[in-house]
$ cat start-v7.pdb   # PDB, C-alpha atoms and all ligand atoms
ATOM      1  CA  MET A 408     -25.309   7.504  17.236
ATOM      2  CA  PHE A 409     -25.510   7.330  13.449
ATOM      3  CA  VAL A 410     -22.004   5.886  13.242
ATOM      4  CA  GLY A 411     -22.927   3.122  15.717
ATOM      5  CA  LYS A 412     -25.988   2.276  13.674
ATOM      6  CA  GLY A 413     -23.920   2.097  10.459
ATOM      7  CA  LYS A 414     -21.458  -0.202  12.176
ATOM      8  CA  ASN A 415     -24.287  -2.498  13.245
ATOM      9  CA  ILE A 416     -25.653  -2.689   9.722
ATOM     10  CA  MET A 417     -22.153  -3.500   8.424
ATOM     11  CA  LYS A 418     -21.765  -6.237  11.093
ATOM     12  CA  LYS A 419     -25.109  -7.763  10.084
ATOM     13  CA  LEU A 420     -24.199  -7.577   6.397
ATOM     14  CA  VAL A 421     -20.873  -9.353   6.943
ATOM     15  CA  GLY A 422     -22.670 -12.038   8.997
ATOM     16  CA  PHE A 423     -25.363 -12.396   6.350
ATOM     17  CA  LEU A 424     -22.855 -12.772   3.521
ATOM     18  CA  ILE A 425     -20.894 -15.379   5.477
ATOM     19  CA  SER A 426     -24.100 -17.388   6.032
ATOM     20  CA  CYS A 427     -25.008 -17.089   2.327
ATOM     21  CA  SER A 428     -21.662 -18.481   1.251
ATOM     22  CA  LEU A 429     -21.969 -21.404   3.664
ATOM     23  CA  LEU A 430     -25.408 -22.156   2.236
ATOM     24  CA  VAL A 431     -24.079 -22.069  -1.330
ATOM     25  CA  SER A 432     -21.093 -24.268  -0.540
ATOM     26  CA  CYS A 433     -23.339 -26.829   1.182
ATOM     27  CA  THR A 434     -25.863 -27.116  -1.636
ATOM     28  CA  SER A 435     -23.674 -26.843  -4.744
ATOM     29  CA  SER A 436     -22.738 -30.482  -5.004
ATOM     30  CA  SER A 437     -23.966 -31.192  -8.534
ATOM     31  CA  VAL A 438     -21.367 -32.202 -11.127
ATOM     32  CA  GLU A 439     -22.381 -29.358 -13.434
ATOM     33  CA  VAL A 440     -21.698 -26.666 -10.843
ATOM     34  CA  LYS A 441     -18.456 -28.387  -9.873
ATOM     35  CA  SER A 442     -17.045 -28.443 -13.406
ATOM     36  CA  GLU A 443     -17.967 -24.795 -13.896
ATOM     37  CA  VAL A 444     -16.103 -23.945 -10.690
ATOM     38  CA  GLU A 445     -13.111 -26.013 -11.805
ATOM     39  CA  ASN A 446     -12.852 -24.106 -15.090
ATOM     40  CA  SER A 447     -13.174 -20.618 -13.640
ATOM     41  CA  PRO A 448     -10.057 -18.879 -12.306
ATOM     42  CA  ILE A 449      -9.300 -18.982  -8.596
ATOM     43  CA  SER A 450     -10.338 -15.621  -7.239
ATOM     44  CA  ILE A 451      -7.935 -13.591  -5.098
ATOM     45  CA  VAL A 452      -8.956 -10.237  -3.633
ATOM     46  CA  THR A 453      -6.379  -7.707  -2.452
ATOM     47  CA  THR A 454      -6.793  -4.320  -0.796
ATOM     48  CA  THR A 455      -4.045  -2.074  -2.227
ATOM     49  CA  GLY A 456      -2.684  -1.996  -5.765
ATOM     50  CA  MET A 457       0.827  -2.808  -4.520
ATOM     51  CA  ILE A 458      -0.392  -6.123  -3.113
ATOM     52  CA  GLY A 459      -2.495  -6.787  -6.227
ATOM     53  CA  ASP A 460       0.583  -6.295  -8.405
ATOM     54  CA  LEU A 461       2.643  -8.677  -6.235
ATOM     55  CA  LEU A 462      -0.035 -11.395  -6.398
ATOM     56  CA  ASP A 463      -0.396 -10.938 -10.173
ATOM     57  CA  ILE A 464       3.351 -11.495 -10.519
ATOM     58  CA  LEU A 465       3.554 -14.522  -8.211
ATOM     59  CA  LEU A 466       0.476 -16.435  -9.329
ATOM     60  CA  PRO A 467       0.008 -18.199 -12.680
ATOM     61  CA  GLU A 468      -2.845 -17.478 -15.092
ATOM     62  CA  GLU A 469      -5.273 -19.874 -13.401
ATOM     63  CA  PHE A 470      -5.762 -17.153 -10.788
ATOM     64  CA  LYS A 471      -7.646 -13.874 -11.070
ATOM     65  CA  VAL A 472      -6.521 -11.038  -8.797
ATOM     66  CA  THR A 473      -8.951  -8.195  -8.042
ATOM     67  CA  ARG A 474      -7.774  -5.017  -6.302
ATOM     68  CA  LEU A 475     -10.415  -3.385  -4.108
ATOM     69  CA  MET A 476      -8.641  -0.015  -3.877
ATOM     70  CA  LYS A 477      -8.315   1.631  -7.252
ATOM     71  CA  ALA A 478      -5.767   4.294  -8.262
ATOM     72  CA  GLY A 479      -5.852   7.418  -6.081
ATOM     73  CA  VAL A 480      -7.685   5.742  -3.199
ATOM     74  CA  ASP A 481      -6.501   6.444   0.361
ATOM     75  CA  PRO A 482      -6.309   3.139   2.308
ATOM     76  CA  HIS A 483      -6.382   4.846   5.735
ATOM     77  CA  TYR A 484      -9.936   6.006   5.059
ATOM     78  CA  TYR A 485     -11.203   3.282   2.760
ATOM     79  CA  LYS A 486     -14.429   1.583   3.805
ATOM     80  CA  ALA A 487     -15.499  -1.666   2.152
ATOM     81  CA  THR A 488     -18.528  -1.248  -0.109
ATOM     82  CA  GLN A 489     -21.306  -3.804  -0.314
ATOM     83  CA  GLY A 490     -19.775  -4.959  -3.617
ATOM     84  CA  ASP A 491     -16.397  -5.425  -1.891
ATOM     85  CA  LEU A 492     -18.001  -7.610   0.769
ATOM     86  CA  VAL A 493     -19.568  -9.815  -1.890
ATOM     87  CA  LEU A 494     -16.223 -10.053  -3.735
ATOM     88  CA  MET A 495     -14.365 -10.958  -0.545
ATOM     89  CA  GLN A 496     -16.976 -13.526   0.355
ATOM     90  CA  LYS A 497     -16.654 -15.200  -3.042
ATOM     91  CA  ALA A 498     -12.850 -15.017  -3.078
ATOM     92  CA  ASP A 499     -10.701 -18.030  -2.326
ATOM     93  CA  LEU A 500      -8.091 -15.845  -0.632
ATOM     94  CA  ILE A 501      -8.054 -12.265   0.656
ATOM     95  CA  VAL A 502      -4.696 -10.502   0.950
ATOM     96  CA  TYR A 503      -4.192  -7.200   2.778
ATOM     97  CA  ASN A 504      -1.325  -5.061   4.104
ATOM     98  CA  GLY A 505      -2.030  -5.195   7.837
ATOM     99  CA  LEU A 506      -0.362  -3.047  10.560
ATOM    100  CA  HIS A 507      -3.642  -1.126  10.513
ATOM    101  CA  LEU A 508      -3.048   0.448   7.092
ATOM    102  CA  GLU A 509      -6.614  -0.495   6.147
ATOM    103  CA  GLY A 510      -7.826   0.962   9.447
ATOM    104  CA  LYS A 511     -11.540   0.866   8.614
ATOM    105  CA  MET A 512     -11.509  -2.763   7.475
ATOM    106  CA  THR A 513      -9.817  -4.497  10.421
ATOM    107  CA  GLU A 514     -13.036  -5.897  11.839
ATOM    108  CA  ILE A 515     -14.085  -7.331   8.479
ATOM    109  CA  PHE A 516     -10.772  -9.183   8.072
ATOM    110  CA  GLU A 517     -11.076 -10.593  11.601
ATOM    111  CA  LYS A 518     -14.584 -11.890  10.880
ATOM    112  CA  LEU A 519     -13.741 -13.323   7.479
ATOM    113  CA  SER A 520     -10.590 -15.025   8.747
ATOM    114  CA  ARG A 521     -12.715 -17.347  10.898
ATOM    115  CA  ARG A 522     -14.013 -19.027   7.746
ATOM    116  CA  LYS A 523     -11.696 -18.084   4.899
ATOM    117  CA  LYS A 524      -8.052 -17.780   3.936
ATOM    118  CA  VAL A 525      -7.086 -14.216   4.876
ATOM    119  CA  LEU A 526      -3.450 -13.152   4.723
ATOM    120  CA  ALA A 527      -1.720  -9.979   5.950
ATOM    121  CA  VAL A 528       1.455  -9.516   3.877
ATOM    122  CA  THR A 529       3.278  -7.918   6.809
ATOM    123  CA  GLY A 530       2.295 -10.717   9.222
ATOM    124  CA  ALA A 531       5.639 -12.554   9.144
ATOM    125  CA  LEU A 532       7.978  -9.526   9.109
ATOM    126  CA  PRO A 533      10.448  -9.598  12.017
ATOM    127  CA  GLU A 534       9.725  -6.845  14.519
ATOM    128  CA  ASN A 535      13.223  -5.359  14.279
ATOM    129  CA  ARG A 536      12.656  -4.410  10.627
ATOM    130  CA  LEU A 537       9.450  -2.498  11.363
ATOM    131  CA  ARG A 538       9.552   1.237  12.051
ATOM    132  CA  LYS A 539       8.170   2.180  15.416
ATOM    133  CA  THR A 540       6.266   5.448  15.670
ATOM    134  CA  SER A 541       4.099   7.104  18.273
ATOM    135  CA  GLU A 542       2.078   8.750  15.511
ATOM    136  CA  PHE A 543       0.150   5.638  14.511
ATOM    137  CA  ALA A 544      -2.426   3.801  16.628
ATOM    138  CA  THR A 545      -0.558   0.472  16.531
ATOM    139  CA  GLY A 546       2.832   2.104  17.259
ATOM    140  CA  ILE A 547       4.167   0.765  13.946
ATOM    141  CA  ASP A 548       4.456   2.494  10.577
ATOM    142  CA  PRO A 549       2.458   0.472   8.003
ATOM    143  CA  HIS A 550       4.041   1.979   4.805
ATOM    144  CA  VAL A 551       6.501  -0.912   4.393
ATOM    145  CA  TRP A 552       6.488  -1.013   0.572
ATOM    146  CA  PHE A 553       8.813   1.990   0.244
ATOM    147  CA  ASP A 554      11.837  -0.018   1.357
ATOM    148  CA  VAL A 555      12.441  -2.292  -1.631
ATOM    149  CA  ALA A 556      14.474  -4.776   0.452
ATOM    150  CA  LEU A 557      11.563  -5.049   2.880
ATOM    151  CA  TRP A 558       9.108  -5.540   0.009
ATOM    152  CA  SER A 559      11.388  -8.262  -1.269
ATOM    153  CA  THR A 560      11.135 -10.048   2.110
ATOM    154  CA  ILE A 561       7.369  -9.657   1.892
ATOM    155  CA  CYS A 562       7.492 -11.228  -1.575
ATOM    156  CA  GLU A 563       9.319 -14.251  -0.075
ATOM    157  CA  ASP A 564       6.833 -14.499   2.816
ATOM    158  CA  VAL A 565       3.778 -14.251   0.572
ATOM    159  CA  ALA A 566       5.176 -16.811  -1.909
ATOM    160  CA  LYS A 567       5.763 -19.233   0.986
ATOM    161  CA  GLU A 568       2.125 -18.913   2.051
ATOM    162  CA  LEU A 569       0.843 -19.260  -1.518
ATOM    163  CA  VAL A 570       2.769 -22.523  -1.936
ATOM    164  CA  VAL A 571       1.038 -23.857   1.195
ATOM    165  CA  TYR A 572      -2.400 -22.762  -0.047
ATOM    166  CA  TYR A 573      -1.866 -23.881  -3.643
ATOM    167  CA  PRO A 574       0.681 -26.753  -3.712
ATOM    168  CA  ASN A 575      -0.307 -27.722  -7.282
ATOM    169  CA  TRP A 576       1.249 -24.476  -8.521
ATOM    170  CA  ALA A 577       4.288 -24.537  -6.208
ATOM    171  CA  VAL A 578       6.898 -24.793  -8.993
ATOM    172  CA  LYS A 579       5.419 -21.909 -10.983
ATOM    173  CA  ILE A 580       5.059 -19.707  -7.881
ATOM    174  CA  GLU A 581       8.691 -20.406  -6.891
ATOM    175  CA  GLU A 582       9.894 -19.560 -10.419
ATOM    176  CA  ASN A 583       7.919 -16.318 -10.512
ATOM    177  CA  LYS A 584       9.168 -15.384  -7.062
ATOM    178  CA  ASN A 585      12.838 -15.974  -7.897
ATOM    179  CA  ARG A 586      12.591 -13.922 -11.073
ATOM    180  CA  TYR A 587      10.849 -11.059  -9.281
ATOM    181  CA  ILE A 588      13.302 -11.053  -6.340
ATOM    182  CA  ASP A 589      16.095 -10.509  -8.912
ATOM    183  CA  GLU A 590      14.126  -7.628 -10.464
ATOM    184  CA  LEU A 591      13.598  -6.049  -7.045
ATOM    185  CA  SER A 592      17.276  -6.363  -6.231
ATOM    186  CA  ALA A 593      18.148  -4.571  -9.499
ATOM    187  CA  LEU A 594      15.541  -1.890  -8.714
ATOM    188  CA  ASN A 595      17.072  -1.348  -5.279
ATOM    189  CA  SER A 596      20.534  -0.746  -6.768
ATOM    190  CA  GLU A 597      19.033   1.535  -9.436
ATOM    191  CA  ILE A 598      17.357   3.678  -6.743
ATOM    192  CA  ILE A 599      20.572   3.989  -4.713
ATOM    193  CA  VAL A 600      22.518   5.129  -7.801
ATOM    194  CA  ALA A 601      19.805   7.601  -8.905
ATOM    195  CA  LEU A 602      19.457   9.206  -5.469
ATOM    196  CA  SER A 603      23.215   9.571  -5.070
ATOM    197  CA  SER A 604      23.043  12.468  -7.553
ATOM    198  CA  ILE A 605      21.236  14.598  -4.929
ATOM    199  CA  PRO A 606      23.758  16.420  -2.707
ATOM    200  CA  GLN A 607      23.565  15.423   0.969
ATOM    201  CA  GLU A 608      22.298  18.831   2.173
ATOM    202  CA  ARG A 609      19.370  18.734  -0.291
ATOM    203  CA  ARG A 610      18.209  15.255   0.669
ATOM    204  CA  VAL A 611      15.012  16.460   2.321
ATOM    205  CA  LEU A 612      11.726  15.018   1.119
ATOM    206  CA  LEU A 613       8.699  16.989   2.273
ATOM    207  CA  THR A 614       5.331  15.476   1.394
ATOM    208  CA  ALA A 615       1.678  15.749   2.419
ATOM    209  CA  HIS A 616       1.599  12.829   4.852
ATOM    210  CA  ASP A 617       4.294  10.708   6.417
ATOM    211  CA  ALA A 618       4.266   7.750   4.005
ATOM    212  CA  PHE A 619       7.942   7.823   3.090
ATOM    213  CA  ALA A 620       9.738   7.129   6.363
ATOM    214  CA  TYR A 621      10.778   3.607   5.281
ATOM    215  CA  PHE A 622      12.021   5.131   2.032
ATOM    216  CA  GLY A 623      14.031   7.692   4.014
ATOM    217  CA  ARG A 624      15.465   5.018   6.294
ATOM    218  CA  ALA A 625      16.453   2.758   3.406
ATOM    219  CA  TYR A 626      17.944   5.427   1.146
ATOM    220  CA  ASP A 627      19.273   8.020   3.590
ATOM    221  CA  ILE A 628      16.803  10.829   2.972
ATOM    222  CA  ASP A 629      15.445  13.188   5.611
ATOM    223  CA  VAL A 630      11.694  12.675   5.252
ATOM    224  CA  ARG A 631       9.075  15.068   6.612
ATOM    225  CA  GLY A 632       5.302  14.784   6.351
ATOM    226  CA  LEU A 633       2.939  17.682   6.969
ATOM    227  CA  GLN A 634       0.097  15.548   8.172
ATOM    228  CA  GLY A 635       1.699  12.843  10.244
ATOM    229  CA  ILE A 636       1.648   9.216   9.412
ATOM    230  CA  SER A 637      -2.053   8.717   8.765
ATOM    231  CA  THR A 638      -4.068  11.027   6.536
ATOM    232  CA  SER A 639      -6.760  11.029   9.220
ATOM    233  CA  THR A 640      -4.655  13.345  11.418
ATOM    234  CA  GLU A 641      -5.408  16.937  10.443
ATOM    235  CA  TYR A 642      -2.587  19.389   9.838
ATOM    236  CA  GLY A 643      -2.625  22.716  11.655
ATOM    237  CA  ILE A 644      -1.222  26.227  11.201
ATOM    238  CA  LYS A 645       1.775  25.253  13.344
ATOM    239  CA  ASP A 646       2.622  22.344  10.997
ATOM    240  CA  ILE A 647       2.616  24.764   8.061
ATOM    241  CA  GLU A 648       4.800  27.299   9.906
ATOM    242  CA  ASP A 649       7.275  24.593  10.994
ATOM    243  CA  ALA A 650       7.499  23.322   7.422
ATOM    244  CA  VAL A 651       8.123  26.849   6.085
ATOM    245  CA  ASP A 652      10.907  27.428   8.643
ATOM    246  CA  LEU A 653      12.566  24.124   7.768
ATOM    247  CA  ILE A 654      12.359  24.782   4.024
ATOM    248  CA  ILE A 655      13.922  28.229   4.336
ATOM    249  CA  GLU A 656      16.605  26.999   6.751
ATOM    250  CA  LYS A 657      17.600  24.042   4.565
ATOM    251  CA  GLU A 658      17.095  25.954   1.278
ATOM    252  CA  ILE A 659      14.775  23.268  -0.036
ATOM    253  CA  LYS A 660      13.740  23.820  -3.665
ATOM    254  CA  ALA A 661      10.701  21.582  -3.922
ATOM    255  CA  VAL A 662       7.972  19.742  -2.016
ATOM    256  CA  PHE A 663       5.833  16.910  -3.335
ATOM    257  CA  VAL A 664       2.117  16.226  -3.554
ATOM    258  CA  GLU A 665       0.736  12.702  -3.315
ATOM    259  CA  SER A 666      -1.743  11.080  -5.662
ATOM    260  CA  SER A 667      -3.986   9.874  -2.814
ATOM    261  CA  VAL A 668      -3.892  12.972  -0.563
ATOM    262  CA  SER A 669      -5.326  16.483  -1.057
ATOM    263  CA  PRO A 670      -2.609  18.985  -2.138
ATOM    264  CA  LYS A 671      -4.213  21.853  -0.156
ATOM    265  CA  ALA A 672      -1.766  21.907   2.759
ATOM    266  CA  LEU A 673       1.304  21.802   0.535
ATOM    267  CA  GLN A 674      -0.039  24.593  -1.649
ATOM    268  CA  ALA A 675      -0.345  26.708   1.506
ATOM    269  CA  VAL A 676       3.314  25.959   2.316
ATOM    270  CA  VAL A 677       4.415  26.978  -1.193
ATOM    271  CA  GLU A 678       2.459  30.254  -1.031
ATOM    272  CA  LYS A 679       3.857  31.111   2.395
ATOM    273  CA  CYS A 680       7.456  30.382   1.326
ATOM    274  CA  ASN A 681       7.095  32.411  -1.859
ATOM    275  CA  SER A 682       5.590  35.335   0.092
ATOM    276  CA  LYS A 683       8.711  35.252   2.306
ATOM    277  CA  GLY A 684      10.929  35.484  -0.772
ATOM    278  CA  HIS A 685      11.986  31.823  -0.869
ATOM    279  CA  ASP A 686      11.405  30.168  -4.246
ATOM    280  CA  LEU A 687       9.633  26.899  -3.660
ATOM    281  CA  VAL A 688       7.784  24.775  -6.184
ATOM    282  CA  ILE A 689       5.667  21.642  -6.143
ATOM    283  CA  GLY A 690       8.252  19.165  -7.427
ATOM    284  CA  GLY A 691       5.648  16.822  -8.830
ATOM    285  CA  GLU A 692       3.238  14.139  -7.747
ATOM    286  CA  LEU A 693       4.422  11.037  -5.911
ATOM    287  CA  PHE A 694       2.537   7.801  -5.552
ATOM    288  CA  SER A 695       2.407   7.050  -1.843
ATOM    289  CA  ASP A 696      -0.415   4.830  -0.587
ATOM    290  CA  SER A 697      -1.847   4.186  -4.028
ATOM    291  CA  MET A 698      -0.203   3.351  -7.350
ATOM    292  CA  GLY A 699      -1.060   4.693 -10.815
ATOM    293  CA  GLU A 700      -3.926   3.367 -12.962
ATOM    294  CA  GLU A 701      -3.924  -0.364 -13.666
ATOM    295  CA  ASN A 702      -2.226  -1.347 -16.960
ATOM    296  CA  THR A 703       0.071   1.693 -16.942
ATOM    297  CA  LYS A 704       3.752   1.728 -15.974
ATOM    298  CA  GLU A 705       2.974   3.571 -12.733
ATOM    299  CA  GLY A 706       0.272   1.009 -12.006
ATOM    300  CA  THR A 707       3.004  -1.505 -11.119
ATOM    301  CA  TYR A 708       5.159  -1.513  -8.004
ATOM    302  CA  ILE A 709       8.420  -1.168  -9.933
ATOM    303  CA  GLY A 710       6.969   1.538 -12.215
ATOM    304  CA  MET A 711       5.643   3.476  -9.222
ATOM    305  CA  LEU A 712       9.026   3.426  -7.464
ATOM    306  CA  ARG A 713      10.809   4.513 -10.678
ATOM    307  CA  HIS A 714       8.353   7.378 -11.180
ATOM    308  CA  ASN A 715       8.811   8.578  -7.590
ATOM    309  CA  VAL A 716      12.611   8.412  -7.670
ATOM    310  CA  GLU A 717      12.794  10.179 -11.042
ATOM    311  CA  THR A 718      10.451  12.930  -9.795
ATOM    312  CA  ILE A 719      12.439  13.388  -6.564
ATOM    313  CA  VAL A 720      15.830  13.436  -8.290
ATOM    314  CA  THR A 721      14.704  15.889 -11.004
ATOM    315  CA  ALA A 722      13.299  18.334  -8.448
ATOM    316  CA  LEU A 723      15.974  18.154  -5.741
ATOM    317  CA  LYS A 724      19.350  17.678  -7.398
TER
HETATM  318 ZN    ZN A 801      -0.404   6.488   4.418
END
$ encode --input "start-v7.pdb" --output "structure tokens"
Amino acid sequence: MFVGKGKNIMKKLVGFLISCSLLVSCTSSSVEVKSEVENSPISIVTTTGMIGDLLDILLPEEFKVTRLMKAGVDPHYYKATQGDLVLMQKADLIVYNGLHLEGKMTEIFEKLSRRKKVLAVTGALPENRLRKTSEFATGIDPHVWFDVALWSTICEDVAKELVVYYPNWAVKIEENKNRYIDELSALNSEIIVALSSIPQERRVLLTAHDAFAYFGRAYDIDVRGLQGISTSTEYGIKDIEDAVDLIIEKEIKAVFVESSVSPKALQAVVEKCNSKGHDLVIGGELFSDSMGEENTKEGTYIGMLRHNVETIVTALK
């Protein structure tokens, strides 16, 4: 009953904020207000850091990109705060992942998209490049950013949309896109070379939740997640036992914690393996659904991928 009530309040708040913005846009016709608006940057709001980084790279300095989900935040659980709603209402464009990654925000995006520019970065991806899975409500795995070639396609798709929204900056956006596509292509080759140093039989990546399946598909790694594809599915004793059996059978040396998921389950796996005489360590922390802090190397998409690959290679080779 309480949940229903909270949902109603949220619905009313979204409606209220939409009405407020309409009121402001209807009355702010004075020249003074207009020139102030013209001088301030165009505000873009993104959900995840990965999308924020992409928009920062594609757009010129006349734009200001704000990421709603800070470092360490789990997008599967994230609920928009009142401050987020205000930010989104004021933004010129809202960009999100889609495929139900931001599961608790779907309704808000639907509502806002009736009056504002709202873009899902995965919206134009061809179906045959998406990973189907029965573990996620939509039947499709939303963690698309871990296949660099797929992210590169997303970069093309997003740039195309941005050029439509902001034709005055088309040349700059195109330039930025072309440069970044080259960087992503180099990153992709770098990852393939780095991972090739792990022998085939040790190419097993066991993490807290199933965020790395696209990574596994792209780079030929057997990926296992303790918790399934969304962090909202709980792990059970059987999941732990299955993981322990697999680790002992495949002689896996390390498992990996994720920056946005509790390490509890993996610690239980390590303890159980060690008690059975199999040496297993936590190989390090991977960034899965959230990047590192803004303005650090790991706070960029390329830096995050490099950190993950380095951590995986060091622990498994
Ligand atoms: Zn996830």
$ closest_residue --input "start-v7.pdb" --among "A:Asp589, A:Glu514, A:Asp652, A:Asp627" --to "Pro606 in chain A" --atoms "all atoms listed in the file"
A:Asp627
$ resolve_selection --input "start-v7.pdb" --expression "the PyMOL selection byres (((not hetatm)) within 9 of (chain A and resi 801))" --output "short mmCIF file (atom, residue, chain, number, x, y, z; two decimals) with C-alpha atoms, keeping the file's coordinate frame"
data_model
loop_
_atom_site.label_atom_id
_atom_site.label_comp_id
_atom_site.auth_asym_id
_atom_site.auth_seq_id
_atom_site.Cartn_x
_atom_site.Cartn_y
_atom_site.Cartn_z
CA ASP A 481 -6.50 6.44 0.36
CA PRO A 482 -6.31 3.14 2.31
CA HIS A 483 -6.38 4.85 5.74
CA LEU A 508 -3.05 0.45 7.09
CA ASP A 548 4.46 2.49 10.58
CA PRO A 549 2.46 0.47 8.00
CA HIS A 550 4.04 1.98 4.80
CA HIS A 616 1.60 12.83 4.85
CA ASP A 617 4.29 10.71 6.42
CA ALA A 618 4.27 7.75 4.00
CA PHE A 619 7.94 7.82 3.09
CA GLY A 635 1.70 12.84 10.24
CA ILE A 636 1.65 9.22 9.41
CA SER A 637 -2.05 8.72 8.76
CA THR A 638 -4.07 11.03 6.54
CA SER A 667 -3.99 9.87 -2.81
CA VAL A 668 -3.89 12.97 -0.56
CA SER A 695 2.41 7.05 -1.84
CA ASP A 696 -0.42 4.83 -0.59
CA SER A 697 -1.85 4.19 -4.03
#
$ residues_around --input "start-v7.pdb" --residues "Leu466 in chain A" --least-positions-apart "5" --cutoff "8 Å" --atoms "only C-alpha atoms" --output "list in words"
Lys579, Ile580 and Asn583 of chain A
$ resolve_selection --input "start-v7.pdb" --expression "the PyMOL selection byres (((chain A and resi 473) around 10) and not hetatm)" --output "PDB file with C-alpha atoms, in the frame of the given file"
ATOM      1  CA  SER A 450     -10.338 -15.621  -7.239  1.00  0.00           C
ATOM      2  CA  ILE A 451      -7.935 -13.591  -5.098  1.00  0.00           C
ATOM      3  CA  VAL A 452      -8.956 -10.237  -3.633  1.00  0.00           C
ATOM      4  CA  THR A 453      -6.379  -7.707  -2.452  1.00  0.00           C
ATOM      5  CA  THR A 454      -6.793  -4.320  -0.796  1.00  0.00           C
ATOM      6  CA  THR A 455      -4.045  -2.074  -2.227  1.00  0.00           C
ATOM      7  CA  GLY A 456      -2.684  -1.996  -5.765  1.00  0.00           C
ATOM      8  CA  GLY A 459      -2.495  -6.787  -6.227  1.00  0.00           C
ATOM      9  CA  ASP A 460       0.583  -6.295  -8.405  1.00  0.00           C
ATOM     10  CA  LEU A 462      -0.035 -11.395  -6.398  1.00  0.00           C
ATOM     11  CA  ASP A 463      -0.396 -10.938 -10.173  1.00  0.00           C
ATOM     12  CA  PHE A 470      -5.762 -17.153 -10.788  1.00  0.00           C
ATOM     13  CA  LYS A 471      -7.646 -13.874 -11.070  1.00  0.00           C
ATOM     14  CA  VAL A 472      -6.521 -11.038  -8.797  1.00  0.00           C
ATOM     15  CA  ARG A 474      -7.774  -5.017  -6.302  1.00  0.00           C
ATOM     16  CA  LEU A 475     -10.415  -3.385  -4.108  1.00  0.00           C
ATOM     17  CA  MET A 476      -8.641  -0.015  -3.877  1.00  0.00           C
ATOM     18  CA  LYS A 477      -8.315   1.631  -7.252  1.00  0.00           C
ATOM     19  CA  LEU A 494     -16.223 -10.053  -3.735  1.00  0.00           C
ATOM     20  CA  MET A 495     -14.365 -10.958  -0.545  1.00  0.00           C
ATOM     21  CA  ALA A 498     -12.850 -15.017  -3.078  1.00  0.00           C
ATOM     22  CA  ILE A 501      -8.054 -12.265   0.656  1.00  0.00           C
TER      23      ILE A 501
END
$ resolve_selection --input "start-v7.pdb" --expression "the PyMOL selection byres (((chain A and resi 594-605) around 7) and not hetatm)" --output "VMD selection string"
chain A and resid 555 590 to 593 606 to 607 609 to 610 626 716 720 723 to 724
$ atom_distance --input "start-v7.pdb" --atom1 "CA of Val525 in chain A" --atom2 "CA of Ala625 in chain A"
29.1 Å
$ residues_around --input "start-v7.pdb" --residues "Phe553 in chain A" --least-positions-apart "2" --cutoff "6 Å" --atoms "only C-alpha atoms" --output "PyMOL selection string"
chain A and resi 551+555+621-622
